file target_1.txt (compact mmCIF, C-alpha atoms)
# COMPACT_ATOMS: atom_id res chain seq x y z
CA MET A 1 28.09 -19.59 19.31
CA ASN A 2 26.55 -16.38 20.58
CA ASN A 3 23.37 -15.09 18.93
CA PRO A 4 24.59 -13.61 15.61
CA ILE A 5 21.39 -11.68 14.87
CA SER A 6 21.72 -7.89 15.00
CA GLU A 7 19.76 -5.78 17.46
CA ARG A 8 18.30 -3.91 14.49
CA VAL A 9 16.69 -7.04 13.08
CA LYS A 10 15.41 -8.07 16.51
CA LYS A 11 13.31 -4.88 16.56
CA VAL A 12 11.19 -5.92 13.60
CA LYS A 13 8.68 -8.67 12.96
CA PRO A 14 7.84 -10.68 9.83
CA SER A 15 5.10 -9.37 7.55
CA ALA A 16 1.73 -10.47 8.93
CA THR A 17 0.06 -10.41 5.53
CA ILE A 18 2.68 -12.75 4.07
CA ALA A 19 2.41 -15.03 7.12
CA VAL A 20 -1.37 -15.38 6.78
CA SER A 21 -1.14 -15.91 3.01
CA SER A 22 1.50 -18.60 3.57
CA LYS A 23 -0.74 -20.34 6.12
CA ALA A 24 -3.61 -20.35 3.61
CA MET A 25 -1.36 -21.85 0.93
CA GLU A 26 -0.16 -24.55 3.33
CA MET A 27 -3.75 -25.51 4.16
CA ARG A 28 -4.68 -25.61 0.48
CA ALA A 29 -1.68 -27.84 -0.20
CA ALA A 30 -3.05 -30.17 2.47
CA GLY A 31 -6.33 -30.39 0.57
CA ILE A 32 -8.34 -27.91 2.66
CA ASN A 33 -10.60 -25.55 0.72
CA VAL A 34 -9.44 -22.21 2.12
CA ILE A 35 -10.68 -18.88 0.75
CA SER A 36 -7.90 -16.35 1.11
CA MET A 37 -8.99 -12.79 1.70
CA SER A 38 -5.57 -11.91 3.06
CA ALA A 39 -3.37 -11.19 0.05
CA GLY A 40 -3.13 -7.72 -1.47
CA GLU A 41 -2.82 -9.12 -4.96
CA PRO A 42 -5.17 -8.70 -7.94
CA ASP A 43 -6.79 -11.92 -9.09
CA PHE A 44 -6.73 -10.65 -12.69
CA ASP A 45 -3.97 -11.52 -15.15
CA THR A 46 -1.53 -8.93 -16.46
CA PRO A 47 -2.98 -7.40 -19.67
CA GLU A 48 -1.81 -9.18 -22.80
CA TYR A 49 -0.21 -6.14 -24.45
CA ILE A 50 2.08 -5.77 -21.44
CA LYS A 51 3.16 -9.42 -21.58
CA GLU A 52 3.77 -9.10 -25.32
CA ALA A 53 6.06 -6.13 -24.73
CA ALA A 54 8.10 -8.26 -22.31
CA LYS A 55 8.35 -11.10 -24.84
CA LYS A 56 9.53 -8.71 -27.54
CA ALA A 57 12.13 -7.28 -25.20
CA MET A 58 13.51 -10.75 -24.53
CA ASP A 59 13.55 -11.56 -28.25
CA LYS A 60 15.55 -8.38 -28.86
CA GLY A 61 18.12 -9.46 -26.29
CA MET A 62 17.09 -6.90 -23.68
CA THR A 63 18.44 -9.16 -20.94
CA LYS A 64 21.42 -7.16 -19.67
CA TYR A 65 22.02 -4.73 -16.84
CA THR A 66 20.36 -1.35 -17.19
CA GLN A 67 21.06 1.96 -15.46
CA VAL A 68 20.75 1.52 -11.68
CA ASP A 69 17.88 4.02 -11.50
CA GLY A 70 15.97 2.64 -14.49
CA LEU A 71 15.85 2.82 -18.26
CA PRO A 72 15.63 6.38 -19.65
CA ASP A 73 12.54 5.41 -21.66
CA LEU A 74 10.81 4.13 -18.53
CA LYS A 75 11.76 7.24 -16.57
CA GLN A 76 10.29 9.33 -19.40
CA ALA A 77 7.06 7.31 -19.28
CA ILE A 78 6.93 7.94 -15.51
CA MET A 79 7.55 11.66 -16.01
CA ASN A 80 4.71 11.74 -18.56
CA LYS A 81 2.42 9.92 -16.11
CA PHE A 82 3.21 12.37 -13.31
CA ILE A 83 2.51 15.45 -15.44
CA ASN A 84 -0.60 14.04 -17.16
CA ASP A 85 -2.24 12.53 -14.07
CA ASN A 86 -0.89 14.60 -11.20
CA GLU A 87 0.34 17.90 -12.68
CA LEU A 88 3.80 17.20 -11.25
CA ILE A 89 6.81 18.16 -13.36
CA TYR A 90 9.98 16.09 -12.90
CA GLN A 91 13.23 15.66 -14.79
CA GLN A 92 15.21 12.43 -15.25
CA ASP A 93 17.30 13.08 -12.12
CA ASN A 94 14.08 13.34 -10.07
CA ILE A 95 13.00 9.76 -10.90
CA LEU A 96 14.07 6.43 -9.43
CA VAL A 97 12.80 3.01 -10.57
CA SER A 98 13.11 0.19 -8.03
CA THR A 99 12.22 -3.47 -7.52
CA GLY A 100 8.72 -2.66 -6.29
CA ALA A 101 7.45 0.29 -4.27
CA LYS A 102 8.50 -1.56 -1.10
CA GLN A 103 12.13 -1.17 -2.17
CA THR A 104 11.45 2.45 -3.08
CA LEU A 105 10.31 3.08 0.49
CA TYR A 106 13.18 1.09 1.97
CA ASN A 107 15.68 3.08 -0.11
CA LEU A 108 14.09 6.31 1.07
CA PHE A 109 14.20 5.40 4.75
CA GLN A 110 17.81 4.24 4.54
CA ALA A 111 18.78 7.39 2.63
CA ILE A 112 17.29 10.01 4.95
CA LEU A 113 16.71 8.48 8.42
CA GLY A 114 18.97 7.81 11.36
CA PRO A 115 19.12 7.70 15.16
CA GLY A 116 17.01 10.41 16.79
CA ASP A 117 14.75 10.89 13.76
CA GLU A 118 11.00 10.39 14.05
CA VAL A 119 8.57 9.36 11.33
CA ILE A 120 4.85 10.12 11.60
CA ILE A 121 2.66 7.23 10.43
CA ILE A 122 -1.14 7.36 10.36
CA SER A 123 -2.79 4.17 11.60
CA PRO A 124 -4.14 1.88 10.43
CA TYR A 125 -1.04 1.69 8.25
CA TRP A 126 0.51 -0.66 5.74
CA VAL A 127 2.27 -3.30 7.84
CA SER A 128 5.82 -2.58 6.64
CA TYR A 129 6.04 1.14 7.41
CA PRO A 130 7.00 0.98 11.12
CA ASP A 131 9.41 -1.92 10.70
CA MET A 132 11.24 -0.30 7.81
CA VAL A 133 11.56 2.86 9.92
CA LEU A 134 13.05 0.79 12.76
CA LEU A 135 15.50 -0.83 10.32
CA ALA A 136 16.73 2.70 9.55
CA ASP A 137 17.34 3.24 13.31
CA ALA A 138 14.58 5.86 13.49
CA GLU A 139 11.40 5.87 15.58
CA PRO A 140 7.82 5.57 14.27
CA VAL A 141 5.29 7.97 15.83
CA ILE A 142 1.74 6.72 15.33
CA VAL A 143 -1.31 8.96 14.85
CA ASP A 144 -4.41 6.80 15.30
CA THR A 145 -7.66 6.98 13.32
CA PHE A 146 -10.84 5.00 14.00
CA GLN A 147 -13.70 3.36 12.15
CA GLU A 148 -16.38 5.36 14.02
CA ASN A 149 -14.93 8.50 12.39
CA ASP A 150 -14.50 6.79 9.00
CA PHE A 151 -10.74 6.79 9.65
CA SER A 152 -10.53 10.56 9.18
CA ILE A 153 -7.38 12.25 10.48
CA ASP A 154 -7.51 13.91 13.88
CA PHE A 155 -5.58 17.06 12.98
CA ASP A 156 -5.12 18.08 16.61
CA ALA A 157 -3.42 14.74 17.27
CA PHE A 158 -1.41 15.11 14.07
CA THR A 159 -0.24 18.58 15.07
CA ARG A 160 0.81 17.33 18.51
CA ALA A 161 2.78 14.49 16.92
CA VAL A 162 4.94 16.76 14.76
CA SER A 163 8.08 18.02 16.48
CA GLU A 164 11.61 19.17 15.78
CA LYS A 165 12.59 15.49 15.71
CA THR A 166 10.17 14.73 12.86
CA LYS A 167 12.03 13.91 9.67
CA LEU A 168 9.28 12.35 7.57
CA VAL A 169 5.50 11.97 7.31
CA ILE A 170 4.11 8.94 5.45
CA ILE A 171 0.73 9.15 3.75
CA ASN A 172 -1.04 6.29 1.96
CA SER A 173 -4.12 7.03 -0.15
CA PRO A 174 -6.23 5.14 -1.16
CA SER A 175 -5.35 3.33 2.01
CA ASN A 176 -4.18 -0.18 2.63
CA PRO A 177 -5.96 -1.44 4.79
CA THR A 178 -9.06 0.80 4.97
CA GLY A 179 -9.78 1.78 1.36
CA ILE A 180 -10.21 5.38 2.53
CA THR A 181 -8.96 8.14 0.21
CA TYR A 182 -7.75 11.50 1.51
CA SER A 183 -9.25 14.62 -0.02
CA GLU A 184 -7.52 17.73 -1.27
CA SER A 185 -8.62 19.57 1.89
CA ASP A 186 -7.15 16.76 4.07
CA TYR A 187 -3.81 17.20 2.37
CA GLN A 188 -3.96 20.97 2.63
CA ALA A 189 -4.61 20.70 6.38
CA ILE A 190 -1.52 18.47 6.71
CA GLY A 191 0.45 20.89 4.56
CA ALA A 192 -0.59 23.84 6.74
CA VAL A 193 0.93 22.10 9.79
CA LEU A 194 4.13 21.16 7.96
CA GLU A 195 4.73 24.69 6.68
CA ASN A 196 5.92 25.44 10.22
CA TYR A 197 8.48 22.60 10.01
CA PRO A 198 10.61 23.29 6.92
CA ASN A 199 12.89 20.27 7.46
CA VAL A 200 10.11 17.68 7.37
CA LEU A 201 9.81 15.55 4.23
CA VAL A 202 6.60 13.89 3.02
CA ALA A 203 6.39 10.43 1.43
CA THR A 204 3.06 9.82 -0.27
CA ASP A 205 2.31 6.22 -1.20
CA ASP A 206 -0.07 6.43 -4.17
CA MET A 207 0.13 2.74 -5.14
CA TYR A 208 -3.67 2.42 -5.46
CA GLU A 209 -4.18 5.70 -7.34
CA TYR A 210 -5.96 4.12 -10.31
CA ILE A 211 -8.05 1.76 -8.16
CA TYR A 212 -10.36 4.57 -7.09
CA TRP A 213 -14.05 5.41 -7.52
CA GLY A 214 -14.61 8.48 -5.36
CA GLU A 215 -16.88 11.30 -6.45
CA LYS A 216 -14.03 13.80 -6.78
CA PRO A 217 -10.88 13.21 -8.88
CA PHE A 218 -7.92 11.60 -7.18
CA VAL A 219 -5.42 14.17 -5.87
CA SER A 220 -1.81 13.47 -4.91
CA PHE A 221 -0.24 15.31 -1.98
CA ALA A 222 2.22 17.43 -3.96
CA GLN A 223 -0.61 18.36 -6.32
CA ALA A 224 -2.74 19.59 -3.40
CA CYS A 225 0.22 21.29 -1.66
CA PRO A 226 2.47 22.68 -4.43
CA GLU A 227 4.34 24.75 -1.86
CA LEU A 228 5.67 21.46 -0.45
CA PHE A 229 6.56 19.94 -3.84
CA ASP A 230 10.30 20.32 -3.20
CA ARG A 231 10.13 18.15 -0.08
CA THR A 232 7.63 15.53 -1.25
CA ILE A 233 8.55 12.07 -2.53
CA THR A 234 5.65 10.71 -4.59
CA ILE A 235 5.71 6.91 -4.72
CA ASN A 236 3.80 4.66 -7.09
CA GLY A 237 4.16 1.47 -9.14
CA VAL A 238 2.54 -0.85 -11.64
CA SER A 239 1.86 -3.79 -9.29
CA LYS A 240 -1.74 -3.20 -8.24
CA SER A 241 -3.31 -1.16 -11.04
CA TYR A 242 -1.98 -3.28 -13.90
CA ALA A 243 -2.07 -6.63 -12.03
CA MET A 244 1.73 -6.83 -12.20
CA THR A 245 2.66 -7.79 -8.63
CA GLY A 246 5.22 -10.39 -9.73
CA TRP A 247 6.96 -8.04 -12.15
CA ARG A 248 8.29 -5.96 -9.21
CA ILE A 249 8.42 -2.41 -10.53
CA GLY A 250 7.94 0.61 -8.29
CA TYR A 251 8.99 4.19 -8.85
CA CYS A 252 9.04 7.62 -7.31
CA GLY A 253 9.55 11.28 -8.09
CA GLY A 254 11.23 13.61 -5.65
CA PRO A 255 13.99 16.12 -4.90
CA ALA A 256 17.14 15.38 -6.91
CA ASP A 257 19.40 15.14 -3.83
CA VAL A 258 17.08 12.65 -2.12
CA ILE A 259 16.72 10.60 -5.31
CA ALA A 260 20.53 10.54 -5.71
CA ALA A 261 20.92 9.22 -2.16
CA MET A 262 18.25 6.56 -2.78
CA LYS A 263 20.01 5.57 -6.00
CA LYS A 264 23.24 5.13 -4.01
CA ILE A 265 21.47 2.77 -1.59
CA GLN A 266 19.99 0.82 -4.50
CA SER A 267 23.36 0.59 -6.26
CA GLN A 268 24.80 -1.20 -3.23
CA SER A 269 21.84 -3.56 -2.75
CA THR A 270 19.89 -4.78 -5.78
CA SER A 271 21.27 -2.53 -8.52
CA ASN A 272 18.79 -2.14 -11.41
CA PRO A 273 15.29 -3.66 -11.52
CA SER A 274 14.70 -6.48 -14.02
CA SER A 275 15.26 -5.27 -17.57
CA ILE A 276 12.32 -7.34 -18.83
CA SER A 277 10.01 -5.95 -16.16
CA GLN A 278 11.06 -2.43 -17.07
CA ALA A 279 10.11 -3.06 -20.70
CA ALA A 280 6.72 -4.32 -19.52
CA ALA A 281 6.27 -1.25 -17.31
CA ILE A 282 6.95 1.07 -20.26
CA ALA A 283 4.17 -0.66 -22.18
CA ALA A 284 1.86 -0.41 -19.16
CA LEU A 285 2.40 3.31 -18.57
CA ASN A 286 2.27 4.22 -22.26
CA GLY A 287 -0.56 1.86 -23.16
CA PRO A 288 -4.36 1.94 -23.07
CA MET A 289 -6.19 2.00 -19.74
CA ASP A 290 -9.31 0.08 -20.83
CA GLU A 291 -8.45 -3.15 -18.99
CA VAL A 292 -7.44 -1.21 -15.87
CA TYR A 293 -10.83 0.51 -15.84
CA GLU A 294 -12.56 -2.86 -16.29
CA MET A 295 -10.69 -4.28 -13.30
CA VAL A 296 -11.54 -1.22 -11.21
CA GLU A 297 -15.24 -1.60 -12.01
CA GLN A 298 -15.12 -5.20 -10.79
CA TYR A 299 -13.39 -4.09 -7.59
CA ARG A 300 -16.10 -1.48 -7.03
CA LEU A 301 -18.87 -4.05 -7.45
CA ARG A 302 -17.13 -6.43 -5.06
CA HIS A 303 -16.61 -3.60 -2.57
CA ASP A 304 -20.28 -2.66 -2.61
CA TYR A 305 -21.38 -6.24 -2.00
CA LEU A 306 -18.81 -7.01 0.69
CA CYS A 307 -19.32 -3.77 2.61
CA SER A 308 -23.06 -4.40 2.86
CA ALA A 309 -22.61 -8.11 3.64
CA LEU A 310 -20.10 -7.51 6.43
CA ASN A 311 -22.35 -4.95 8.07
CA ASN A 312 -25.05 -7.64 8.17
CA ILE A 313 -22.83 -9.92 10.28
CA ASN A 314 -23.63 -9.39 13.94
CA GLY A 315 -20.73 -7.53 15.59
CA PHE A 316 -19.09 -6.24 12.40
CA LYS A 317 -18.95 -2.49 11.69
CA THR A 318 -17.51 -1.49 8.33
CA SER A 319 -16.87 1.91 6.73
CA PRO A 320 -17.14 2.00 2.93
CA GLY A 321 -13.99 2.77 1.00
CA THR A 322 -13.39 4.65 -2.22
CA GLY A 323 -10.36 2.77 -3.48
CA ALA A 324 -7.83 -0.05 -3.22
CA PHE A 325 -9.36 -3.51 -2.62
CA TYR A 326 -9.68 -3.83 1.14
CA LEU A 327 -12.24 -3.36 3.90
CA PHE A 328 -11.27 -3.01 7.55
CA PRO A 329 -14.22 -3.82 9.81
CA ASP A 330 -14.25 -3.16 13.54
CA VAL A 331 -14.83 -6.57 15.16
CA LYS A 332 -14.39 -5.67 18.83
CA ASN A 333 -18.01 -6.68 19.57
CA VAL A 334 -17.41 -10.12 18.06
CA ILE A 335 -14.21 -10.53 20.08
CA GLU A 336 -16.00 -9.60 23.29
CA LYS A 337 -19.21 -11.58 22.76
CA LYS A 338 -17.53 -14.75 21.51
CA GLY A 339 -14.77 -14.72 24.11
CA PHE A 340 -11.76 -14.27 21.85
CA SER A 341 -8.72 -12.68 23.46
CA ASP A 342 -7.98 -10.37 20.53
CA ASP A 343 -8.16 -9.96 16.75
CA VAL A 344 -5.28 -12.41 16.28
CA GLU A 345 -7.22 -15.22 17.99
CA LEU A 346 -10.33 -14.33 15.97
CA SER A 347 -8.33 -14.48 12.74
CA GLU A 348 -6.88 -17.84 13.74
CA TYR A 349 -10.40 -19.11 14.47
CA LEU A 350 -11.68 -17.96 11.07
CA ILE A 351 -8.94 -19.72 9.13
CA GLU A 352 -9.18 -22.90 11.19
CA LYS A 353 -12.98 -23.16 11.51
CA ALA A 354 -14.43 -21.12 8.66
CA HIS A 355 -11.48 -21.76 6.33
CA VAL A 356 -11.35 -18.05 5.49
CA ALA A 357 -8.01 -16.24 5.74
CA VAL A 358 -8.14 -12.64 6.98
CA VAL A 359 -5.37 -10.48 8.50
CA PRO A 360 -5.64 -9.29 12.13
CA GLY A 361 -5.95 -5.52 12.45
CA SER A 362 -3.20 -5.35 15.05
CA ALA A 363 -0.72 -5.97 12.24
CA PHE A 364 -1.83 -2.61 10.84
CA GLY A 365 -1.62 -0.86 14.20
CA SER A 366 -5.33 -1.16 15.04
CA ASN A 367 -6.38 -3.74 17.63
CA GLY A 368 -9.91 -5.11 17.31
CA TYR A 369 -10.12 -5.00 13.51
CA VAL A 370 -9.52 -7.42 10.64
CA ARG A 371 -8.58 -6.72 7.03
CA LEU A 372 -10.35 -8.48 4.19
CA SER A 373 -9.11 -8.23 0.62
CA TYR A 374 -11.73 -8.46 -2.12
CA ALA A 375 -9.16 -9.10 -4.83
CA THR A 376 -10.93 -12.37 -5.51
CA SER A 377 -14.07 -13.37 -7.38
CA LEU A 378 -17.52 -12.28 -6.23
CA GLU A 379 -18.47 -15.96 -5.95
CA GLN A 380 -15.59 -16.54 -3.53
CA ILE A 381 -16.47 -13.40 -1.59
CA LYS A 382 -20.07 -14.54 -1.12
CA ASP A 383 -18.89 -17.96 0.00
CA ALA A 384 -16.41 -16.39 2.45
CA VAL A 385 -19.05 -14.14 4.02
CA ASP A 386 -21.39 -17.12 4.41
CA ARG A 387 -18.64 -19.17 6.06
CA ILE A 388 -17.70 -16.35 8.46
CA SER A 389 -21.32 -15.73 9.43
CA LYS A 390 -22.06 -19.42 10.02
CA SER A 391 -18.86 -20.00 12.01
CA LEU A 392 -19.70 -17.14 14.36
CA ASP A 393 -23.34 -18.24 14.74

call {"tool": "encode", "arguments": {"input": "target_1.txt", "output": "structure tokens"}}
result
Amino acid sequence: MNNPISERVKKVKPSATIAVSSKAMEMRAAGINVISMSAGEPDFDTPEYIKEAAKKAMDKGMTKYTQVDGLPDLKQAIMNKFINDNELIYQQDNILVSTGAKQTLYNLFQAILGPGDEVIIISPYWVSYPDMVLLADAEPVIVDTFQENDFSIDFDAFTRAVSEKTKLVIINSPSNPTGITYSESDYQAIGAVLENYPNVLVATDDMYEYIYWGEKPFVSFAQACPELFDRTITINGVSKSYAMTGWRIGYCGGPADVIAAMKKIQSQSTSNPSSISQAAAIAALNGPMDEVYEMVEQYRLRHDYLCSALNNINGFKTSPGTGAFYLFPDVKNVIEKKGFSDDVELSEYLIEKAHVAVVPGSAFGSNGYVRLSYATSLEQIKDAVDRISKSLD
């Protein structure tokens, strides 16, 4: 039999973060004490009031299909969140609820992209962006940023990257993997370039919006650039902020015609998200934020410790973040001095010898870096740093 795999699928690679997390789980199953700093998953439990809402929904028989694009009550809660937190006004036909923000992005790419289209992605980027673009038969165009400049955008490079072929710009803030958050002025500089390209859409991935401790308030792109509101798709979800990764609820607000096309894609793939998860998401978005704030404070404390500790490891250079739960140190000096071929070999060494799982930076489009997640206890973080330092000494 000839190879049945499509050329489209051959273009993409498996998720590196999932691969490393799977390796760590395999080693643990074999009895090896591995500390995983690879997974982008909160170590906290989902708040009790959210779980209770799901239980009540099941008891009421809320176990049937819902509208493809989400329950009206959930869409209303999302609309309220957008206006209260981001000053963005949407109607029901501007909202789509999906099985996680990853599906939201996939729906978007399938709905608007095709052969000949280009998508601008700022590196380091979340691992799935380029591959999902390729699955839509479009081409990713990468604009690099670097640790020595605190991963700030090179606007000259960004301007050169935009062309008549550009269909979409993807922005992620706070960033996975760097923890860097873009400012209002950063967004306005991007917006000033895009004003000259009226057919370019903007997808802003705000998944870590609440996990933020910067000095200035968080600002979403459409909030900073209201003149581009009608061509911005604002993406968010409950996974990270409310420790609800397994519930799989993402959502977005955007132009009605784009949302309708995304809904069509979803109707022919997964249909509606889980009815029970939607009930839980309503409780999350309408409920108190106290436990979210408590989690964020713990992330901030872990960040402060880990950032300082990594910078004390010979050959590591780390920029502090202001959100999410990742740090992305430059380890090129370690690679060179210790004779590793690249960040992949270094990451393999750390999991095999130090029993600490990290993700190679090349998976995020940045060779010579590694990503460490501090969504684990401070005790585990201290142990991991000690293991890394000793293994390299």

call {"tool": "residues_around", "arguments": {"input": "target_1.txt", "residues": "Leu74 in chain A", "least_positions_apart": "4", "cutoff": "12 Å", "atoms": "all atoms listed in the file", "output": "PyMOL selection string"}}
result
chain A and resi 66-67+69-70+78-81+92+95-98+237-238+249-252+273+275-286

call {"tool": "closest_residue", "arguments": {"input": "target_1.txt", "among": "A:Ser128, A:Ser173, A:Thr63, A:Asn314", "to": "Phe218 in chain A", "atoms": "only C-alpha atoms"}}
result
A:Ser173

call {"tool": "closest_residue", "arguments": {"input": "target_1.txt", "among": "A:Ala157, A:Ile35, A:Leu88, A:Leu327", "to": "Ala384 in chain A", "atoms": "all atoms listed in the file"}}
result
A:Ile35

call {"tool": "closest_residue", "arguments": {"input": "target_1.txt", "among": "A:Tyr182, A:Lys240, A:Met132, A:Thr104", "to": "Lys11 in chain A", "atoms": "all atoms listed in the file"}}
result
A:Met132

call {"tool": "atom_distance", "arguments": {"input": "target_1.txt", "atom1": "CA of Phe328 in chain A", "atom2": "CA of Val370 in chain A"}}
result
5.7 Å

call {"tool": "atom_distance", "arguments": {"input": "target_1.txt", "atom1": "CA of Thr234 in chain A", "atom2": "CA of Asp85 in chain A"}}
result
12.5 Å

call {"tool": "atom_distance", "arguments": {"input": "target_1.txt", "atom1": "CA of Leu201 in chain A", "atom2": "CA of Asp117 in chain A"}}
result
11.7 Å

call {"tool": "residues_around", "arguments": {"input": "target_1.txt", "residues": "Thr204 in chain A", "least_positions_apart": "6", "cutoff": "6 Å", "atoms": "all atoms listed in the file", "output": "JSON, numbers by chain"}}
result
{"A": [170, 171, 172, 234, 235]}

call {"tool": "residues_around", "arguments": {"input": "target_1.txt", "residues": "Pro255 in chain A", "least_positions_apart": "6", "cutoff": "8 Å", "atoms": "only C-alpha atoms", "output": "PyMOL selection string"}}
result
chain A and resi 94+230-233

call {"tool": "closest_residue", "arguments": {"input": "target_1.txt", "among": "A:Lys55, A:Lys165, A:Lys332, A:His355", "to": "Pro198 in chain A", "atoms": "only C-alpha atoms"}}
result
A:Lys165

call {"tool": "residues_near_point", "arguments": {"input": "target_1.txt", "point": "(-3.0, -0.6, 4.6)", "cutoff": "8 Å", "atoms": "only C-alpha atoms", "output": "ChimeraX atom specification"}}
result
/A:124-127,172,175-179,364

call {"tool": "residues_near_point", "arguments": {"input": "target_1.txt", "point": "(-20.6, -16.9, 21.5)", "cutoff": "12 Å", "atoms": "all atoms listed in the file", "output": "JSON, numbers by chain"}}
result
{"A": [314, 315, 333, 334, 335, 336, 337, 338, 339, 340, 346, 390, 391, 392, 393]}

call {"tool": "closest_residue", "arguments": {"input": "target_1.txt", "among": "A:Asp93, A:Asp137, A:Glu87, A:Glu48", "to": "Gln110 in chain A", "atoms": "all atoms listed in the file"}}
result
A:Asp137

call {"tool": "closest_residue", "arguments": {"input": "target_1.txt", "among": "A:Glu195, A:Glu215, A:Ile190, A:Val385", "to": "Asp154 in chain A", "atoms": "all atoms listed in the file"}}
result
A:Ile190

call {"tool": "residues_around", "arguments": {"input": "target_1.txt", "residues": "Asp186 in chain A", "least_positions_apart": "4", "cutoff": "12 Å", "atoms": "all atoms listed in the file", "output": "list in words"}}
result
Phe151, Ser152, Ile153, Asp154, Phe155, Phe158, Ile171, Ser173, Ile180, Thr181, Tyr182, Ile190, Gly191, Ala192, Val193, Val219, Ser220, Phe221, Ala224 and Cys225 of chain A

call {"tool": "residues_around", "arguments": {"input": "target_1.txt", "residues": "Leu135 in chain A", "least_positions_apart": "6", "cutoff": "8 Å", "atoms": "only C-alpha atoms", "output": "list of chain:residue names"}}
result
A:Arg8, A:Val9, A:Lys11, A:Val12

call {"tool": "write_last_selection", "arguments": {"input": "target_1.txt", "atoms": "C-alpha atoms", "output": "CSV table (one decimal), in the coordinates of the input"}}
result
chain,number,residue,atom,x,y,z
A,8,ARG,CA,18.3,-3.9,14.5
A,9,VAL,CA,16.7,-7.0,13.1
A,11,LYS,CA,13.3,-4.9,16.6
A,12,VAL,CA,11.2,-5.9,13.6
